[in-house]
file coords.txt (compact mmCIF, C-alpha atoms)
# COMPACT_ATOMS: atom_id res chain seq x y z
CA MET P 3 0.00 0.00 0.00
CA GLN P 4 1.30 3.43 -0.89
CA ASN P 5 1.58 5.43 2.31
CA PRO P 6 -0.73 8.49 2.17
CA ARG P 7 1.47 10.09 4.78
CA ALA P 8 4.43 10.25 2.35
CA THR P 9 7.20 9.62 4.84
CA ASN P 10 10.15 10.29 2.54
CA ASP P 11 12.76 12.87 3.55
CA ASP P 12 11.71 15.52 1.05
CA LEU P 13 8.18 16.10 2.30
CA THR P 14 6.68 19.49 1.66
CA ALA P 15 6.25 21.74 4.66
CA LYS P 16 2.49 21.39 4.24
CA ALA P 17 2.70 17.58 4.48
CA ARG P 18 5.03 17.77 7.51
CA ILE P 19 2.56 20.08 9.26
CA ARG P 20 -0.39 17.80 8.48
CA ASN P 21 1.54 14.71 9.64
CA ALA P 22 2.60 16.43 12.86
CA ALA P 23 -1.01 17.42 13.49
CA LEU P 24 -2.16 13.81 13.01
CA ASP P 25 0.46 12.56 15.46
CA LEU P 26 -0.34 15.17 18.10
CA TYR P 27 -4.12 14.95 17.70
CA ALA P 28 -3.90 11.16 17.99
CA GLN P 29 -1.84 11.42 21.16
CA TYR P 30 -3.51 14.32 22.97
CA GLY P 31 -6.75 15.18 21.16
CA GLU P 32 -7.31 18.20 18.95
CA ASP P 33 -8.60 20.40 21.78
CA ARG P 34 -5.34 19.99 23.70
CA VAL P 35 -2.98 20.81 20.84
CA SER P 36 -2.23 24.36 19.69
CA LEU P 37 -1.16 25.42 16.22
CA ARG P 38 2.09 26.59 17.82
CA ALA P 39 2.76 23.04 19.16
CA ILE P 40 2.07 21.59 15.70
CA ALA P 41 4.45 24.10 14.12
CA ALA P 42 7.18 23.16 16.61
CA GLU P 43 6.65 19.42 15.98
CA ALA P 44 6.81 19.98 12.20
CA GLY P 45 9.87 22.22 12.47
CA VAL P 46 8.16 25.23 10.88
CA THR P 47 6.89 28.61 11.99
CA LEU P 48 3.35 29.30 13.17
CA GLY P 49 3.00 31.69 10.24
CA LEU P 50 3.68 28.85 7.78
CA VAL P 51 0.97 26.70 9.41
CA GLN P 52 -1.47 29.58 9.03
CA HIS P 53 -0.32 30.21 5.46
CA HIS P 54 -1.09 26.63 4.39
CA PHE P 55 -4.20 25.87 6.47
CA LYS P 56 -5.51 29.32 7.50
CA THR P 57 -7.18 28.02 10.69
CA LYS P 58 -7.19 25.05 13.01
CA ALA P 59 -10.38 23.90 11.28
CA GLY P 60 -8.57 23.91 7.93
CA LEU P 61 -5.76 21.82 9.38
CA ARG P 62 -8.26 19.42 10.93
CA GLN P 63 -9.93 18.97 7.56
CA ALA P 64 -6.56 18.08 6.02
CA VAL P 65 -5.93 15.52 8.79
CA ASP P 66 -9.41 14.02 8.29
CA GLU P 67 -8.75 13.71 4.57
CA LEU P 68 -5.40 12.04 5.25
CA VAL P 69 -7.03 9.51 7.59
CA ALA P 70 -9.74 8.80 5.03
CA ASP P 71 -7.03 8.32 2.38
CA TYR P 72 -5.45 5.62 4.54
CA PHE P 73 -8.77 3.76 4.61
CA TRP P 74 -9.56 4.05 0.96
CA GLN P 75 -6.09 3.17 -0.24
CA ALA P 76 -6.25 0.02 1.87
CA VAL P 77 -9.68 -0.85 0.45
CA ALA P 78 -8.67 0.03 -3.14
CA GLU P 79 -5.96 -2.63 -3.11
CA VAL P 80 -8.49 -5.42 -2.57
CA ASP P 81 -9.45 -7.59 -5.52
CA ASN P 82 -13.20 -7.07 -5.94
CA GLN P 83 -13.44 -9.90 -8.48
CA ALA P 84 -13.96 -12.36 -5.63
CA GLY P 85 -17.44 -13.11 -4.33
CA PRO P 86 -19.16 -10.57 -2.08
CA ALA P 87 -18.30 -12.38 1.16
CA GLU P 88 -14.66 -12.84 0.17
CA ALA P 89 -14.37 -9.23 -1.00
CA ALA P 90 -15.87 -7.95 2.26
CA THR P 91 -13.48 -10.09 4.32
CA ALA P 92 -10.51 -8.95 2.23
CA ARG P 93 -11.49 -5.28 2.66
CA ARG P 94 -11.87 -5.68 6.41
CA GLU P 95 -8.49 -7.44 6.67
CA ALA P 96 -6.82 -4.75 4.54
CA VAL P 97 -8.16 -2.03 6.82
CA GLN P 98 -7.10 -3.96 9.93
CA ARG P 99 -3.56 -4.35 8.51
CA MET P 100 -3.40 -0.66 7.68
CA LEU P 101 -4.51 0.29 11.21
CA ALA P 102 -1.99 -2.09 12.80
CA GLU P 103 0.77 -0.49 10.71
CA ASN P 104 -0.36 3.08 11.46
CA PRO P 105 -1.13 3.53 15.19
CA PRO P 106 -1.66 7.33 14.91
CA VAL P 107 -4.53 6.73 12.47
CA LEU P 108 -6.15 4.25 14.85
CA ASN P 109 -5.70 6.51 17.86
CA TYR P 110 -7.01 9.54 15.99
CA ILE P 111 -10.17 7.68 14.99
CA ARG P 112 -10.71 6.44 18.53
CA ARG P 113 -10.39 9.95 19.91
CA GLU P 114 -12.78 11.29 17.28
CA ALA P 115 -15.38 8.66 18.15
CA PHE P 116 -15.42 9.80 21.75
CA GLU P 117 -16.18 13.35 20.60
CA LEU P 118 -19.51 12.30 19.06
CA GLU P 119 -21.52 13.54 22.04
CA LYS P 120 -19.70 16.88 22.21
CA ASN P 121 -20.07 17.93 18.59
CA GLU P 122 -23.06 17.89 16.33
CA ARG P 123 -20.85 17.30 13.29
CA ILE P 124 -17.74 15.19 13.23
CA PRO P 125 -15.89 16.05 10.02
CA LEU P 126 -14.06 12.70 9.94
CA LEU P 127 -17.35 10.84 10.25
CA ASP P 128 -18.74 12.86 7.33
CA VAL P 129 -15.68 11.97 5.23
CA LEU P 130 -15.91 8.28 6.15
CA ILE P 131 -19.65 8.15 5.40
CA ASP P 132 -19.15 9.79 2.01
CA ASN P 133 -16.41 7.32 1.14
CA VAL P 134 -18.37 4.28 2.39
CA ARG P 135 -21.41 5.41 0.43
CA ARG P 136 -19.30 5.77 -2.72
CA GLU P 137 -17.67 2.35 -2.18
CA VAL P 138 -21.05 0.65 -1.63
CA ALA P 139 -22.46 2.29 -4.76
CA GLU P 140 -19.48 1.07 -6.84
CA LEU P 141 -19.75 -2.45 -5.43
CA ARG P 142 -23.48 -2.55 -6.17
CA ALA P 143 -22.96 -1.23 -9.70
CA SER P 144 -20.27 -3.84 -10.40
CA GLY P 145 -22.42 -6.67 -9.06
CA VAL P 146 -20.13 -7.43 -6.11
CA ALA P 147 -22.63 -6.20 -3.49
CA SER P 148 -26.29 -7.13 -3.37
CA THR P 149 -28.90 -4.66 -4.52
CA GLY P 150 -31.57 -6.38 -2.41
CA ARG P 151 -30.95 -4.13 0.59
CA HIS P 152 -31.24 -0.37 0.74
CA GLU P 153 -27.91 1.30 -0.07
CA SER P 154 -27.95 3.38 3.13
CA LYS P 155 -28.34 0.25 5.25
CA GLN P 156 -25.43 -1.38 3.45
CA ALA P 157 -23.28 1.70 4.07
CA ILE P 158 -24.16 1.69 7.78
CA ALA P 159 -23.38 -2.04 7.99
CA VAL P 160 -19.94 -1.54 6.41
CA LEU P 161 -19.11 1.44 8.62
CA VAL P 162 -20.29 -0.17 11.85
CA ARG P 163 -18.53 -3.47 11.14
CA LEU P 164 -15.25 -1.65 10.59
CA MET P 165 -15.61 0.77 13.48
CA GLY P 166 -17.26 -1.65 15.88
CA GLU P 167 -14.41 -4.11 15.61
CA LEU P 168 -11.90 -1.27 15.74
CA PHE P 169 -13.27 0.05 19.03
CA LEU P 170 -14.38 -3.13 20.75
CA GLN P 171 -11.49 -5.51 20.04
CA PRO P 172 -9.04 -3.66 22.33
CA LEU P 173 -11.59 -3.99 25.14
CA VAL P 174 -11.96 -7.71 24.47
CA ASP P 175 -8.16 -8.13 24.34
CA ALA P 176 -7.68 -6.29 27.66
CA ALA P 177 -10.48 -8.20 29.37
CA TRP P 178 -9.17 -11.53 28.05
CA GLN P 179 -5.77 -10.85 29.60
CA ARG P 180 -7.40 -10.22 32.98
CA LEU P 181 -9.59 -13.35 32.98
CA PRO P 182 -8.41 -16.87 33.71
CA HIS P 183 -7.94 -18.97 30.57
CA ARG P 184 -5.66 -21.65 29.21
CA ASP P 185 -2.52 -20.39 27.50
CA ASP P 186 -3.49 -22.12 24.26
CA ASP P 187 -6.97 -20.55 24.17
CA PRO P 188 -7.13 -17.99 21.34
CA THR P 189 -8.31 -14.50 22.18
CA PRO P 190 -12.00 -14.08 21.26
CA ARG P 191 -12.52 -11.92 18.16
CA VAL P 192 -15.23 -9.28 17.87
CA SER P 193 -17.70 -9.63 15.04
CA VAL P 194 -20.31 -6.91 14.58
CA THR P 195 -23.61 -7.50 12.79
CA ILE P 196 -26.29 -4.97 11.90
CA LYS P 197 -29.87 -6.25 11.82
CA ASP P 198 -32.67 -4.77 9.76
CA TYR P 199 -35.95 -4.67 11.64
call {"tool": "encode", "arguments": {"input": "coords.txt", "output": "C-alpha cells"}}
result
Amino acid sequence: MQNPRATNDDLTAKARIRNAALDLYAQYGEDRVSLRAIAAEAGVTLGLVQHHFKTKAGLRQAVDELVADYFWQAVAEVDNQAGPAEAATARREAVQRMLAENPPVLNYIRREAFELEKNERIPLLDVLIDNVRREVAELRASGVASTGRHESKQAIAVLVRLMGELFLQPLVDAAWQRLPHRDDDPTPRVSVTIKDY
C-alpha cells in the first residue's frame, strides 16, 4: 500500500505540518494541541501553518482527509473480483492491517469517536460516510454487493462493522488478559452485525 502520509525525507512543509497534526491529535486530542505546538513538531513557523491551512479547522480537515485516504487506499488494493463475502473479508483485513501499521490513524479515529456527544458534526465521520457510500455504490454497480438491501443500510453495515471491531477488540483483548484462561486458548474476536428490523 502506498503510504498516504508520504514519509520520505523531502516532504513538503504542508505535508510535515499535516503529519505532525495527526500525530499530536492522535496522542492528545485536537482540543489539547495548539497550532504553535504543531508548528514546533513539524519544524516550521506558526505563520507557515497559518499560510497553508488558515485556521485550526482547515488543518483538521486536512488531517481528516489524510485519515480517510489511509482507509480508501487500503480498500482500493483489494481484488473485488472475488465473491461478495470474500471481498468484504478482504477489505476488512486490509483495513485492519493498515490500522496495525499506522497507530496514529487508529488513535485519531478512537479519539474522534469519543467526541460524538460533544459535537453535532464530526468532520471525519462525514468523510468516512461519504467514502463508504461511494464504495457501496461502486460495489453494487459492479455486481459485487447485493442490490436487495437499501444502499444506506449497506453503508451503515460496512461502517459499523469496521468501526465496531476497531473500538471493541481492544476492550476484548484487555479483558481476556485479565480473565483466567488456558494459554493455548485464542483471544476471542469481535464480530459486529447490523440487523434490519
call {"tool": "closest_residue", "arguments": {"input": "coords.txt", "among": "P:Arg62, P:Arg38, P:Arg191, P:Arg142", "to": "P:Leu126", "atoms": "all atoms listed in the file"}}
result
P:Arg62
call {"tool": "closest_residue", "arguments": {"input": "coords.txt", "among": "P:Arg163, P:His152, P:Arg180, P:His53", "to": "P:Val97", "atoms": "only C-alpha atoms"}}
result
P:Arg163
call {"tool": "closest_residue", "arguments": {"input": "coords.txt", "among": "P:Val160, P:Val46, P:Val138, P:Ala23", "to": "P:Leu61", "atoms": "all atoms listed in the file"}}
result
P:Ala23
call {"tool": "residues_around", "arguments": {"input": "coords.txt", "residues": "P:Ala39", "least_positions_apart": "4", "cutoff": "12 Å", "atoms": "all atoms listed in the file", "output": "CSV table (one decimal) with C-alpha atoms, keeping the file's coordinate frame"}}
result
chain,number,residue,atom,x,y,z
P,19,ILE,CA,2.6,20.1,9.3
P,22,ALA,CA,2.6,16.4,12.9
P,23,ALA,CA,-1.0,17.4,13.5
P,25,ASP,CA,0.5,12.6,15.5
P,26,LEU,CA,-0.3,15.2,18.1
P,27,TYR,CA,-4.1,15.0,17.7
P,30,TYR,CA,-3.5,14.3,23.0
P,32,GLU,CA,-7.3,18.2,19.0
P,33,ASP,CA,-8.6,20.4,21.8
P,34,ARG,CA,-5.3,20.0,23.7
P,35,VAL,CA,-3.0,20.8,20.8
P,43,GLU,CA,6.6,19.4,16.0
P,44,ALA,CA,6.8,20.0,12.2
P,45,GLY,CA,9.9,22.2,12.5
P,46,VAL,CA,8.2,25.2,10.9
P,47,THR,CA,6.9,28.6,12.0
P,48,LEU,CA,3.4,29.3,13.2
P,51,VAL,CA,1.0,26.7,9.4
P,58,LYS,CA,-7.2,25.0,13.0
call {"tool": "closest_residue", "arguments": {"input": "coords.txt", "among": "P:Glu140, P:Leu168, P:Thr189, P:Ser154", "to": "P:Arg99", "atoms": "all atoms listed in the file"}}
result
P:Leu168
call {"tool": "closest_residue", "arguments": {"input": "coords.txt", "among": "P:Asn5, P:Asn133, P:Gln29, P:Asn109", "to": "P:Ala76", "atoms": "only C-alpha atoms"}}
result
P:Asn5
call {"tool": "closest_residue", "arguments": {"input": "coords.txt", "among": "P:Val162, P:Leu108, P:Leu141, P:Leu181", "to": "P:Phe73", "atoms": "all atoms listed in the file"}}
result
P:Leu108
call {"tool": "atom_distance", "arguments": {"input": "coords.txt", "atom1": "atom CA of P:Ala59", "atom2": "atom CA of P:Glu114"}}
result
14.2 Å
call {"tool": "atom_distance", "arguments": {"input": "coords.txt", "atom1": "atom CA of P:Gln83", "atom2": "atom CA of P:Asp71"}}
result
22.2 Å
call {"tool": "residues_around", "arguments": {"input": "coords.txt", "residues": "P:Glu137", "least_positions_apart": "2", "cutoff": "12 Å", "atoms": "only C-alpha atoms", "output": "list in words"}}
result
Phe73, Trp74, Gln75, Val77, Ala78, Asn82, Ala90, Arg93, Leu130, Ile131, Asp132, Asn133, Val134, Arg135, Ala139, Glu140, Leu141, Arg142, Ala143, Ser144, Val146, Ala147, Glu153, Ser154, Gln156, Ala157, Ile158, Val160 and Leu161 of chain P
call {"tool": "residues_around", "arguments": {"input": "coords.txt", "residues": "P:Arg112", "least_positions_apart": "6", "cutoff": "10 Å", "atoms": "all atoms listed in the file", "output": "ChimeraX atom specification"}}
result
/P:28,31,106,165,168-169
call {"tool": "axis_aligned_box", "arguments": {"input": "coords.txt", "around": "stretch 34-53 of chain P", "padding_each_side": "6 Å", "output": "JSON"}}
result
{"center_x": 2.3, "center_y": 25.6, "center_z": 14.6, "size_x": 27.2, "size_y": 24.3, "size_z": 30.2}
call {"tool": "atom_distance", "arguments": {"input": "coords.txt", "atom1": "atom CA of P:Ala159", "atom2": "atom CA of P:Ile196"}}
result
5.7 Å
call {"tool": "build_atoms", "arguments": {"input": "coords.txt", "residues": "stretch 133-169 of chain P", "atoms": "N, CA and C atoms", "output": "tab-separated table (two decimals), keeping the file's coordinate frame"}}
result
chain	number	residue	atom	x	y	z
P	133	ASN	N	-17.22	8.33	1.80
P	133	ASN	CA	-16.41	7.32	1.14
P	133	ASN	C	-17.05	5.94	1.18
P	134	VAL	N	-17.68	5.58	2.30
P	134	VAL	CA	-18.37	4.28	2.39
P	134	VAL	C	-19.53	4.26	1.42
P	135	ARG	N	-20.27	5.34	1.35
P	135	ARG	CA	-21.41	5.41	0.43
P	135	ARG	C	-20.94	5.24	-1.02
P	136	ARG	N	-19.85	5.89	-1.37
P	136	ARG	CA	-19.30	5.77	-2.72
P	136	ARG	C	-18.84	4.34	-3.01
P	137	GLU	N	-18.15	3.73	-2.04
P	137	GLU	CA	-17.67	2.35	-2.18
P	137	GLU	C	-18.83	1.38	-2.35
P	138	VAL	N	-19.87	1.53	-1.54
P	138	VAL	CA	-21.05	0.65	-1.63
P	138	VAL	C	-21.71	0.82	-2.99
P	139	ALA	N	-21.84	2.05	-3.46
P	139	ALA	CA	-22.46	2.29	-4.76
P	139	ALA	C	-21.66	1.62	-5.88
P	140	GLU	N	-20.33	1.71	-5.82
P	140	GLU	CA	-19.48	1.07	-6.84
P	140	GLU	C	-19.60	-0.44	-6.78
P	141	LEU	N	-19.63	-1.00	-5.58
P	141	LEU	CA	-19.75	-2.45	-5.43
P	141	LEU	C	-21.11	-2.94	-5.92
P	142	ARG	N	-22.15	-2.17	-5.67
P	142	ARG	CA	-23.48	-2.55	-6.17
P	142	ARG	C	-23.51	-2.48	-7.69
P	143	ALA	N	-22.95	-1.42	-8.24
P	143	ALA	CA	-22.96	-1.23	-9.70
P	143	ALA	C	-22.16	-2.32	-10.41
P	144	SER	N	-21.10	-2.81	-9.77
P	144	SER	CA	-20.27	-3.84	-10.40
P	144	SER	C	-20.78	-5.25	-10.12
P	145	GLY	N	-21.85	-5.36	-9.34
P	145	GLY	CA	-22.42	-6.67	-9.06
P	145	GLY	C	-21.77	-7.41	-7.91
P	146	VAL	N	-20.81	-6.79	-7.24
P	146	VAL	CA	-20.13	-7.43	-6.11
P	146	VAL	C	-21.02	-7.41	-4.87
P	147	ALA	N	-21.74	-6.31	-4.64
P	147	ALA	CA	-22.63	-6.20	-3.49
P	147	ALA	C	-24.08	-6.36	-3.96
P	148	SER	N	-24.88	-6.91	-3.09
P	148	SER	CA	-26.29	-7.13	-3.37
P	148	SER	C	-27.03	-5.81	-3.54
P	149	THR	N	-28.03	-5.83	-4.38
P	149	THR	CA	-28.90	-4.66	-4.52
P	149	THR	C	-30.25	-4.91	-3.84
P	150	GLY	N	-30.33	-6.02	-3.09
P	150	GLY	CA	-31.57	-6.38	-2.41
P	150	GLY	C	-31.84	-5.57	-1.16
P	151	ARG	N	-30.79	-4.98	-0.59
P	151	ARG	CA	-30.95	-4.13	0.59
P	151	ARG	C	-30.80	-2.67	0.19
P	152	HIS	N	-31.37	-1.80	1.00
P	152	HIS	CA	-31.24	-0.37	0.74
P	152	HIS	C	-29.76	0.03	0.86
P	153	GLU	N	-29.32	0.88	-0.04
P	153	GLU	CA	-27.91	1.30	-0.07
P	153	GLU	C	-27.46	1.94	1.24
P	154	SER	N	-28.31	2.74	1.86
P	154	SER	CA	-27.95	3.38	3.13
P	154	SER	C	-27.72	2.35	4.22
P	155	LYS	N	-28.53	1.29	4.24
P	155	LYS	CA	-28.34	0.25	5.25
P	155	LYS	C	-27.04	-0.52	5.00
P	156	GLN	N	-26.71	-0.73	3.74
P	156	GLN	CA	-25.43	-1.38	3.45
P	156	GLN	C	-24.26	-0.51	3.90
P	157	ALA	N	-24.36	0.78	3.66
P	157	ALA	CA	-23.28	1.70	4.07
P	157	ALA	C	-23.12	1.69	5.59
P	158	ILE	N	-24.22	1.73	6.31
P	158	ILE	CA	-24.16	1.69	7.78
P	158	ILE	C	-23.53	0.38	8.23
P	159	ALA	N	-23.92	-0.73	7.60
P	159	ALA	CA	-23.38	-2.04	7.99
P	159	ALA	C	-21.86	-2.08	7.80
P	160	VAL	N	-21.39	-1.56	6.67
P	160	VAL	CA	-19.94	-1.54	6.41
P	160	VAL	C	-19.23	-0.68	7.45
P	161	LEU	N	-19.74	0.51	7.68
P	161	LEU	CA	-19.11	1.44	8.62
P	161	LEU	C	-19.09	0.89	10.04
P	162	VAL	N	-20.20	0.33	10.48
P	162	VAL	CA	-20.29	-0.17	11.85
P	162	VAL	C	-19.46	-1.43	12.03
P	163	ARG	N	-19.40	-2.28	11.02
P	163	ARG	CA	-18.53	-3.47	11.14
P	163	ARG	C	-17.08	-3.04	11.31
P	164	LEU	N	-16.64	-2.12	10.48
P	164	LEU	CA	-15.25	-1.65	10.59
P	164	LEU	C	-15.00	-0.96	11.93
P	165	MET	N	-15.84	-0.01	12.27
P	165	MET	CA	-15.61	0.77	13.48
P	165	MET	C	-15.91	-0.02	14.74
P	166	GLY	N	-16.93	-0.86	14.70
P	166	GLY	CA	-17.26	-1.65	15.88
P	166	GLY	C	-16.12	-2.56	16.28
P	167	GLU	N	-15.55	-3.24	15.31
P	167	GLU	CA	-14.41	-4.11	15.61
P	167	GLU	C	-13.22	-3.27	16.06
P	168	LEU	N	-13.02	-2.16	15.42
P	168	LEU	CA	-11.90	-1.27	15.74
P	168	LEU	C	-11.95	-0.81	17.20
P	169	PHE	N	-13.14	-0.47	17.68
P	169	PHE	CA	-13.27	0.05	19.03
P	169	PHE	C	-13.43	-1.03	20.09
